[in-house]
file structure_29.txt (compact mmCIF, C-alpha atoms and all ligand atoms)
# COMPACT_ATOMS: atom_id res chain seq x y z
CA MET A 1 13.35 0.40 -13.80
CA SER A 2 15.38 2.84 -11.72
CA LYS A 3 17.54 2.03 -8.71
CA ARG A 4 14.77 3.24 -6.43
CA ARG A 5 12.72 0.43 -4.91
CA PRO A 6 9.21 0.71 -6.36
CA ILE A 7 6.36 1.15 -3.94
CA ILE A 8 2.72 0.20 -4.51
CA GLY A 9 -0.11 1.40 -2.27
CA GLY A 10 -3.70 0.28 -2.13
CA ASN A 11 -5.98 3.13 -1.09
CA TRP A 12 -9.26 1.49 -0.15
CA LYS A 13 -10.95 4.88 0.41
CA MET A 14 -14.42 4.57 2.07
CA ASN A 15 -14.92 0.97 0.94
CA THR A 16 -14.99 -2.52 2.51
CA ASN A 17 -16.48 -3.68 5.81
CA ALA A 18 -14.83 -5.55 8.69
CA GLU A 19 -15.16 -8.91 6.98
CA SER A 20 -14.22 -7.94 3.43
CA ALA A 21 -11.32 -5.76 4.64
CA VAL A 22 -9.76 -8.70 6.46
CA ALA A 23 -10.32 -11.02 3.51
CA LEU A 24 -8.71 -8.51 1.15
CA ALA A 25 -5.78 -8.00 3.53
CA ARG A 26 -5.20 -11.76 3.81
CA GLY A 27 -5.24 -12.18 0.05
CA VAL A 28 -2.82 -9.31 -0.50
CA ALA A 29 -0.50 -10.52 2.26
CA ASP A 30 -0.46 -14.07 0.88
CA GLY A 31 0.22 -12.84 -2.64
CA CYS A 32 3.04 -10.56 -1.54
CA ALA A 33 4.80 -13.08 0.71
CA GLY A 34 8.18 -13.85 -0.81
CA LEU A 35 7.99 -11.08 -3.41
CA SER A 36 11.12 -8.99 -3.42
CA GLY A 37 11.96 -5.81 -5.26
CA VAL A 38 8.76 -3.97 -4.35
CA GLU A 39 7.36 -2.37 -1.22
CA VAL A 40 3.59 -2.64 -0.64
CA PHE A 41 1.19 -0.84 1.68
CA VAL A 42 -2.58 -0.80 2.09
CA CYS A 43 -4.76 1.98 3.52
CA PRO A 44 -7.97 0.60 4.99
CA PRO A 45 -10.64 2.84 6.54
CA PHE A 46 -9.78 3.86 10.15
CA PRO A 47 -12.18 1.46 11.93
CA TYR A 48 -10.56 -1.57 10.30
CA LEU A 49 -6.90 -0.67 10.85
CA THR A 50 -6.42 -3.11 13.70
CA HIS A 51 -8.35 -5.92 12.01
CA VAL A 52 -6.38 -5.46 8.82
CA GLY A 53 -3.06 -5.14 10.68
CA SER A 54 -3.64 -8.55 12.24
CA ALA A 55 -4.29 -10.06 8.82
CA LEU A 56 -1.11 -8.67 7.21
CA ASN A 57 2.40 -10.09 7.28
CA ASN A 58 5.84 -8.49 6.97
CA ALA A 59 5.44 -8.19 3.20
CA VAL A 60 2.74 -5.51 3.45
CA MET A 61 2.83 -2.30 5.46
CA LEU A 62 -0.27 -1.00 7.24
CA ALA A 63 -1.02 2.59 6.23
CA ALA A 64 -3.74 5.17 6.96
CA GLN A 65 -5.63 7.45 4.60
CA ASP A 66 -5.27 10.58 6.72
CA LEU A 67 -4.27 11.90 10.14
CA TYR A 68 -4.62 15.04 12.25
CA HIS A 69 -1.51 16.99 13.18
CA GLU A 70 -2.35 17.83 16.81
CA PRO A 71 -1.15 15.31 19.42
CA ASP A 72 -4.43 15.15 21.38
CA GLY A 73 -7.30 17.28 22.66
CA ALA A 74 -10.64 18.68 21.57
CA PHE A 75 -10.60 17.75 17.86
CA THR A 76 -13.82 15.83 17.39
CA GLY A 77 -13.60 13.15 14.76
CA GLU A 78 -9.85 13.41 14.23
CA ILE A 79 -7.11 10.78 14.62
CA SER A 80 -3.59 11.50 15.94
CA THR A 81 -0.30 9.97 14.86
CA ALA A 82 0.00 8.25 18.27
CA MET A 83 -3.38 6.60 17.73
CA LEU A 84 -2.27 5.42 14.31
CA ALA A 85 0.98 4.06 15.72
CA ASP A 86 -1.04 2.23 18.41
CA CYS A 87 -2.91 0.46 15.62
CA GLY A 88 0.35 -0.61 13.98
CA VAL A 89 0.28 2.00 11.21
CA ARG A 90 3.64 2.80 9.62
CA ALA A 91 2.67 5.04 6.70
CA VAL A 92 0.00 7.64 5.97
CA LEU A 93 -1.34 9.55 2.98
CA THR A 94 -1.41 13.35 3.16
CA GLY A 95 -3.12 15.68 0.72
CA HIS A 96 -5.03 13.06 -1.20
CA SER A 97 -7.07 14.72 -3.92
CA GLU A 98 -10.34 13.77 -2.22
CA ARG A 99 -9.12 15.42 0.99
CA ARG A 100 -8.15 18.51 -1.02
CA HIS A 101 -11.13 18.80 -3.35
CA VAL A 102 -14.03 17.00 -1.62
CA ILE A 103 -13.24 17.76 2.04
CA GLY A 104 -11.55 21.10 1.33
CA GLU A 105 -8.04 20.74 2.82
CA GLY A 106 -5.52 23.37 1.77
CA ASP A 107 -1.75 23.31 1.40
CA ALA A 108 -1.06 24.77 4.87
CA LEU A 109 -3.02 22.04 6.65
CA ILE A 110 -1.53 19.35 4.43
CA ASN A 111 1.94 20.61 5.33
CA LYS A 112 1.13 20.39 9.06
CA LYS A 113 -0.11 16.83 8.59
CA THR A 114 2.94 15.82 6.55
CA ARG A 115 5.32 17.19 9.16
CA ALA A 116 3.34 15.57 12.01
CA ALA A 117 3.54 12.21 10.25
CA LEU A 118 7.29 12.54 9.73
CA ASN A 119 7.92 13.79 13.26
CA ALA A 120 6.07 10.71 14.53
CA GLY A 121 8.39 8.44 12.52
CA LEU A 122 5.81 7.48 9.92
CA LEU A 123 6.36 7.31 6.18
CA ALA A 124 4.40 10.17 4.59
CA VAL A 125 2.91 9.78 1.12
CA LEU A 126 2.30 13.36 -0.02
CA CYS A 127 -0.25 13.38 -2.85
CA VAL A 128 -0.27 16.10 -5.51
CA GLY A 129 -1.92 16.61 -8.86
CA GLU A 130 -3.80 18.98 -11.11
CA LYS A 131 -7.51 19.23 -11.88
CA LEU A 132 -8.78 19.01 -15.45
CA ASP A 133 -9.23 22.76 -15.90
CA GLN A 134 -5.71 23.32 -14.64
CA ARG A 135 -4.36 20.74 -17.06
CA ASP A 136 -6.28 22.34 -19.93
CA ALA A 137 -4.84 25.71 -18.95
CA GLY A 138 -1.30 24.28 -19.12
CA GLU A 139 -0.84 24.59 -15.35
CA THR A 140 0.01 20.97 -14.50
CA ASP A 141 3.64 21.56 -13.56
CA ALA A 142 2.92 24.81 -11.72
CA VAL A 143 0.21 23.14 -9.61
CA ASN A 144 2.46 20.20 -8.78
CA GLU A 145 5.32 22.52 -7.92
CA ARG A 146 3.16 24.65 -5.64
CA GLN A 147 1.73 21.60 -3.85
CA ILE A 148 5.18 20.02 -3.43
CA ARG A 149 6.85 23.19 -2.12
CA ALA A 150 3.99 23.93 0.27
CA GLY A 151 3.55 20.33 1.36
CA LEU A 152 7.24 19.86 2.13
CA ALA A 153 7.87 23.25 3.79
CA GLY A 154 9.94 22.63 6.92
CA VAL A 155 10.62 18.97 6.06
CA THR A 156 14.32 18.30 6.74
CA PRO A 157 16.68 16.54 4.33
CA ASP A 158 16.93 13.63 6.78
CA GLN A 159 13.17 13.27 6.85
CA MET A 160 13.03 13.00 3.06
CA ALA A 161 14.08 9.34 3.38
CA ARG A 162 10.54 8.77 4.72
CA VAL A 163 8.72 10.84 2.09
CA VAL A 164 7.02 9.36 -0.96
CA ILE A 165 5.33 11.64 -3.48
CA ALA A 166 2.18 10.41 -5.22
CA TYR A 167 1.37 12.23 -8.45
CA GLU A 168 -2.34 11.73 -9.06
CA PRO A 169 -3.89 13.89 -11.76
CA VAL A 170 -7.37 14.55 -10.38
CA TRP A 171 -9.07 13.97 -13.75
CA ALA A 172 -7.60 10.44 -13.87
CA ILE A 173 -8.83 9.33 -10.45
CA GLY A 174 -11.69 6.85 -10.62
CA THR A 175 -12.54 7.91 -14.16
CA GLY A 176 -10.90 5.14 -16.17
CA LYS A 177 -8.77 7.82 -17.85
CA THR A 178 -5.06 7.39 -17.31
CA ALA A 179 -2.27 9.80 -18.14
CA THR A 180 -0.24 8.43 -21.02
CA PRO A 181 3.05 6.96 -19.83
CA ALA A 182 4.85 9.83 -21.61
CA ASP A 183 2.70 12.53 -19.96
CA ALA A 184 3.04 10.90 -16.56
CA GLN A 185 6.80 10.58 -17.01
CA ASP A 186 7.03 14.23 -17.97
CA ALA A 187 5.13 15.31 -14.84
CA HIS A 188 7.26 13.03 -12.65
CA ALA A 189 10.50 14.39 -14.12
CA LYS A 190 9.33 17.94 -13.40
CA ILE A 191 8.42 16.97 -9.83
CA ARG A 192 11.89 15.47 -9.39
CA ALA A 193 13.39 18.71 -10.66
CA VAL A 194 11.50 20.59 -7.93
CA LEU A 195 12.84 18.11 -5.36
CA THR A 196 16.35 18.68 -6.75
CA ASP A 197 15.93 22.40 -6.31
CA LEU A 198 14.73 21.89 -2.73
CA TYR A 199 17.03 19.10 -1.53
CA GLY A 200 19.76 18.52 -4.12
CA PRO A 201 20.23 15.74 -6.67
CA GLU A 202 21.09 12.94 -4.25
CA ILE A 203 17.92 13.19 -2.17
CA ALA A 204 15.77 13.95 -5.22
CA GLY A 205 17.22 10.91 -6.98
CA ALA A 206 16.41 8.69 -4.03
CA THR A 207 12.82 9.90 -3.49
CA ARG A 208 10.10 7.64 -4.82
CA ILE A 209 7.33 9.20 -6.92
CA GLN A 210 4.24 7.05 -7.40
CA TYR A 211 1.71 7.54 -10.16
CA GLY A 212 -1.99 7.26 -9.33
CA GLY A 213 -5.17 7.53 -11.39
CA SER A 214 -6.95 4.55 -12.95
CA VAL A 215 -3.92 2.26 -12.76
CA LYS A 216 -4.88 -1.29 -13.67
CA ALA A 217 -3.07 -4.49 -14.53
CA SER A 218 -3.27 -3.70 -18.24
CA ASN A 219 -1.49 -0.31 -18.03
CA ALA A 220 0.70 -0.79 -14.94
CA ALA A 221 3.82 -2.26 -16.55
CA GLU A 222 4.12 0.50 -19.13
CA LEU A 223 3.64 3.24 -16.53
CA PHE A 224 6.08 1.67 -14.07
CA GLY A 225 8.62 1.21 -16.87
CA GLN A 226 9.09 4.99 -17.13
CA PRO A 227 12.35 6.19 -15.60
CA ASP A 228 10.82 8.54 -13.01
CA ILE A 229 7.77 6.46 -12.07
CA ASP A 230 8.49 4.42 -8.96
CA GLY A 231 5.28 2.48 -8.52
CA GLY A 232 1.67 3.47 -8.03
CA LEU A 233 -1.08 4.49 -5.68
CA ILE A 234 -4.09 2.38 -6.57
CA GLY A 235 -7.75 3.05 -5.78
CA GLY A 236 -10.44 0.95 -7.47
CA ALA A 237 -8.15 -1.86 -8.58
CA SER A 238 -6.81 -2.27 -5.03
CA LEU A 239 -10.20 -3.57 -3.87
CA LYS A 240 -9.82 -6.81 -5.84
CA THR A 241 -7.04 -9.07 -4.61
CA ALA A 242 -6.13 -10.51 -8.00
CA ASP A 243 -6.10 -7.13 -9.75
CA PHE A 244 -3.99 -5.52 -7.05
CA LEU A 245 -1.51 -8.40 -7.02
CA ASP A 246 -1.13 -8.19 -10.80
CA ILE A 247 -0.19 -4.52 -10.36
CA VAL A 248 2.23 -5.34 -7.53
CA ARG A 249 3.92 -7.94 -9.73
CA ALA A 250 4.17 -5.45 -12.60
CA ALA A 251 6.18 -3.19 -10.29
CA ALA A 252 8.32 -6.04 -8.95
CA GLY A 253 9.45 -6.56 -12.55
P1 LIG A 301 -8.28 5.03 -8.90
O1 LIG A 301 -7.18 4.00 -9.04
O2 LIG A 301 -9.60 4.42 -8.52
O3 LIG A 301 -8.34 5.95 -10.06
O4 LIG A 301 -7.88 5.94 -7.62
C1 LIG A 301 -6.62 6.48 -7.56
C2 LIG A 301 -6.44 7.07 -6.20
O5 LIG A 301 -7.04 8.08 -5.87
C3 LIG A 301 -5.54 6.38 -5.28
O6 LIG A 301 -5.29 7.16 -4.16

call {"tool": "encode", "arguments": {"input": "structure_29.txt", "output": "structure tokens"}}
result
Amino acid sequence: MSKRRPIIGGNWKMNTNAESAVALARGVADGCAGLSGVEVFVCPPFPYLTHVGSALNNAVMLAAQDLYHEPDGAFTGEISTAMLADCGVRAVLTGHSERRHVIGEGDALINKKTRAALNAGLLAVLCVGEKLDQRDAGETDAVNERQIRAGLAGVTPDQMARVVIAYEPVWAIGTGKTATPADAQDAHAKIRAVLTDLYGPEIAGATRIQYGGSVKASNAAELFGQPDIDGGLIGGASLKTADFLDIVRAAAG
């Protein structure tokens, strides 16, 4: 494991209800209490942020799945960074593949959201990753590079301390297919090279890059053992307390 502190996120997506979200949060918080060597966050659906925040402890950070970059105004259905902060949120995903490919967000909007999150003092988890046809066409690294450069445009070197990159190959999300540790490592190393080009070796070497896409307890340790993989962003397996905690412990080493 590298000198970077691994970080594990649970992205609950559009799952749970008020009761099950709180139960899940309590279980995760209890299991993470006293664990060192790993940082943990969970992203419940917006309506449950406050409930879940009250059920967490200092061992688990409250995070959101999305935000809107404008501070306030006529943006029906959207949520500002100030509203998130009011709910106790400290981190937020930007550019998740479902926002990109189901909802239709593009790089320019994702960049605005990333900068808004950072300007508001939040930790921004910028998600990138290629679709299956892009992988088959040998475009994985080019897609990641384009999404990283566009997503981080205007982000200052100082702000990079609050940026986490999540590499999530779209074809691996929710499919049970995982990138091999070697393929994932290769993509992460290339992403770090892009960060080096943008910010220099020191900042690139300190930036955490999570892997996401069908991570489970049985494959987590091998993935997290790769030199450029600094933890994971977990979907399906984050909805079961025991499974998620097994993954957290795999990252804690
Ligand atoms: P799965 O772990 O369900 O593949 O989801 C990954 C993901 O999209 C996390 O953000």

call {"tool": "atom_distance", "arguments": {"input": "structure_29.txt", "atom1": "atom CA of Asp66 of chain A", "atom2": "atom CA of Met83 of chain A"}}
result
11.9 Å

call {"tool": "residues_near_ligand", "arguments": {"input": "structure_29.txt", "ligand": "ligand LIG 301 (chain A)", "cutoff": "6 Å", "atoms": "all atoms listed in the file", "output": "number ranges by chain"}}
result
A: 11, 172-174, 212-215, 233-237

call {"tool": "residues_around", "arguments": {"input": "structure_29.txt", "residues": "Asn119 of chain A", "least_positions_apart": "4", "cutoff": "9 Å", "atoms": "all atoms listed in the file", "output": "list in words"}}
result
Thr114, Arg115 and Gln159 of chain A

call {"tool": "closest_residue", "arguments": {"input": "structure_29.txt", "among": "A:Phe244, A:Trp12, A:Tyr68, A:Tyr48", "to": "Ala217 of chain A", "atoms": "only C-alpha atoms"}}
result
A:Phe244

call {"tool": "residues_near_point", "arguments": {"input": "structure_29.txt", "point": "(5.2, 4.6, 12.3)", "cutoff": "9 Å", "atoms": "all atoms listed in the file", "output": "list in words"}}
result
Ala63, Thr81, Ala82, Leu84, Ala85, Gly88, Val89, Arg90, Ala91, Val92, Ala117, Leu118, Ala120, Gly121, Leu122 and Leu123 of chain A

call {"tool": "atom_distance", "arguments": {"input": "structure_29.txt", "atom1": "atom CA of Asp243 of chain A", "atom2": "atom CA of Gln65 of chain A"}}
result
20.5 Å

call {"tool": "atom_distance", "arguments": {"input": "structure_29.txt", "atom1": "atom CA of Pro181 of chain A", "atom2": "atom CA of Val194 of chain A"}}
result
20.0 Å

call {"tool": "decode", "arguments": {"input": "structure_29.txt", "residues": "segment 175-201 of chain A", "atoms": "N, CA and C atoms", "output": "PDB file, in the first residue's frame"}}
result
ATOM      1  N   THR A 175     -22.322  -4.573 -12.938  1.00  0.00           N
ATOM      2  CA  THR A 175     -22.407  -5.690 -13.878  1.00  0.00           C
ATOM      3  C   THR A 175     -21.815  -6.979 -13.318  1.00  0.00           C
ATOM      4  N   GLY A 176     -21.097  -6.869 -12.203  1.00  0.00           N
ATOM      5  CA  GLY A 176     -20.375  -8.033 -11.693  1.00  0.00           C
ATOM      6  C   GLY A 176     -19.036  -8.224 -12.376  1.00  0.00           C
ATOM      7  N   LYS A 177     -18.779  -7.443 -13.441  1.00  0.00           N
ATOM      8  CA  LYS A 177     -17.471  -7.524 -14.112  1.00  0.00           C
ATOM      9  C   LYS A 177     -16.539  -6.494 -13.492  1.00  0.00           C
ATOM     10  N   THR A 178     -15.357  -6.934 -13.119  1.00  0.00           N
ATOM     11  CA  THR A 178     -14.395  -6.015 -12.519  1.00  0.00           C
ATOM     12  C   THR A 178     -13.176  -5.947 -13.427  1.00  0.00           C
ATOM     13  N   ALA A 179     -12.564  -4.776 -13.509  1.00  0.00           N
ATOM     14  CA  ALA A 179     -11.282  -4.707 -14.206  1.00  0.00           C
ATOM     15  C   ALA A 179     -10.296  -5.609 -13.466  1.00  0.00           C
ATOM     16  N   THR A 180      -9.399  -6.252 -14.187  1.00  0.00           N
ATOM     17  CA  THR A 180      -8.381  -7.025 -13.480  1.00  0.00           C
ATOM     18  C   THR A 180      -7.519  -6.034 -12.696  1.00  0.00           C
ATOM     19  N   PRO A 181      -6.937  -6.492 -11.596  1.00  0.00           N
ATOM     20  CA  PRO A 181      -6.070  -5.578 -10.842  1.00  0.00           C
ATOM     21  C   PRO A 181      -5.003  -4.958 -11.743  1.00  0.00           C
ATOM     22  N   ALA A 182      -4.457  -5.731 -12.677  1.00  0.00           N
ATOM     23  CA  ALA A 182      -3.397  -5.191 -13.552  1.00  0.00           C
ATOM     24  C   ALA A 182      -3.961  -4.118 -14.488  1.00  0.00           C
ATOM     25  N   ASP A 183      -5.147  -4.354 -15.061  1.00  0.00           N
ATOM     26  CA  ASP A 183      -5.752  -3.350 -15.948  1.00  0.00           C
ATOM     27  C   ASP A 183      -6.113  -2.086 -15.174  1.00  0.00           C
ATOM     28  N   ALA A 184      -6.676  -2.290 -13.982  1.00  0.00           N
ATOM     29  CA  ALA A 184      -7.044  -1.123 -13.168  1.00  0.00           C
ATOM     30  C   ALA A 184      -5.791  -0.337 -12.797  1.00  0.00           C
ATOM     31  N   GLN A 185      -4.749  -1.043 -12.377  1.00  0.00           N
ATOM     32  CA  GLN A 185      -3.491  -0.374 -12.023  1.00  0.00           C
ATOM     33  C   GLN A 185      -2.948   0.422 -13.204  1.00  0.00           C
ATOM     34  N   ASP A 186      -3.016  -0.171 -14.378  1.00  0.00           N
ATOM     35  CA  ASP A 186      -2.504   0.512 -15.563  1.00  0.00           C
ATOM     36  C   ASP A 186      -3.273   1.818 -15.808  1.00  0.00           C
ATOM     37  N   ALA A 187      -4.609   1.749 -15.698  1.00  0.00           N
ATOM     38  CA  ALA A 187      -5.413   2.958 -15.906  1.00  0.00           C
ATOM     39  C   ALA A 187      -5.105   4.000 -14.831  1.00  0.00           C
ATOM     40  N   HIS A 188      -4.958   3.546 -13.584  1.00  0.00           N
ATOM     41  CA  HIS A 188      -4.654   4.492 -12.499  1.00  0.00           C
ATOM     42  C   HIS A 188      -3.298   5.161 -12.709  1.00  0.00           C
ATOM     43  N   ALA A 189      -2.314   4.377 -13.139  1.00  0.00           N
ATOM     44  CA  ALA A 189      -0.975   4.952 -13.355  1.00  0.00           C
ATOM     45  C   ALA A 189      -1.035   6.018 -14.453  1.00  0.00           C
ATOM     46  N   LYS A 190      -1.836   5.744 -15.482  1.00  0.00           N
ATOM     47  CA  LYS A 190      -1.956   6.726 -16.579  1.00  0.00           C
ATOM     48  C   LYS A 190      -2.674   7.987 -16.082  1.00  0.00           C
ATOM     49  N   ILE A 191      -3.672   7.787 -15.238  1.00  0.00           N
ATOM     50  CA  ILE A 191      -4.374   8.963 -14.671  1.00  0.00           C
ATOM     51  C   ILE A 191      -3.397   9.774 -13.829  1.00  0.00           C
ATOM     52  N   ARG A 192      -2.556   9.094 -13.052  1.00  0.00           N
ATOM     53  CA  ARG A 192      -1.592   9.830 -12.226  1.00  0.00           C
ATOM     54  C   ARG A 192      -0.596  10.578 -13.109  1.00  0.00           C
ATOM     55  N   ALA A 193      -0.282  10.009 -14.249  1.00  0.00           N
ATOM     56  CA  ALA A 193       0.637  10.708 -15.162  1.00  0.00           C
ATOM     57  C   ALA A 193      -0.015  11.997 -15.688  1.00  0.00           C
ATOM     58  N   VAL A 194      -1.311  11.947 -15.937  1.00  0.00           N
ATOM     59  CA  VAL A 194      -2.022  13.169 -16.365  1.00  0.00           C
ATOM     60  C   VAL A 194      -1.983  14.201 -15.231  1.00  0.00           C
ATOM     61  N   LEU A 195      -2.201  13.746 -14.004  1.00  0.00           N
ATOM     62  CA  LEU A 195      -2.146  14.668 -12.859  1.00  0.00           C
ATOM     63  C   LEU A 195      -0.752  15.260 -12.703  1.00  0.00           C
ATOM     64  N   THR A 196       0.272  14.451 -12.987  1.00  0.00           N
ATOM     65  CA  THR A 196       1.652  14.945 -12.910  1.00  0.00           C
ATOM     66  C   THR A 196       1.874  16.046 -13.949  1.00  0.00           C
ATOM     67  N   ASP A 197       1.348  15.812 -15.129  1.00  0.00           N
ATOM     68  CA  ASP A 197       1.480  16.811 -16.181  1.00  0.00           C
ATOM     69  C   ASP A 197       0.775  18.112 -15.779  1.00  0.00           C
ATOM     70  N   LEU A 198      -0.371  17.972 -15.121  1.00  0.00           N
ATOM     71  CA  LEU A 198      -1.155  19.164 -14.756  1.00  0.00           C
ATOM     72  C   LEU A 198      -0.599  19.874 -13.522  1.00  0.00           C
ATOM     73  N   TYR A 199      -0.163  19.109 -12.516  1.00  0.00           N
ATOM     74  CA  TYR A 199       0.127  19.703 -11.207  1.00  0.00           C
ATOM     75  C   TYR A 199       1.515  19.377 -10.668  1.00  0.00           C
ATOM     76  N   GLY A 200       2.287  18.573 -11.380  1.00  0.00           N
ATOM     77  CA  GLY A 200       3.613  18.204 -10.890  1.00  0.00           C
ATOM     78  C   GLY A 200       3.567  16.935 -10.051  1.00  0.00           C
ATOM     79  N   PRO A 201       4.759  16.336  -9.849  1.00  0.00           N
ATOM     80  CA  PRO A 201       4.810  15.019  -9.203  1.00  0.00           C
ATOM     81  C   PRO A 201       4.373  15.008  -7.740  1.00  0.00           C
TER      82      PRO A 201
END
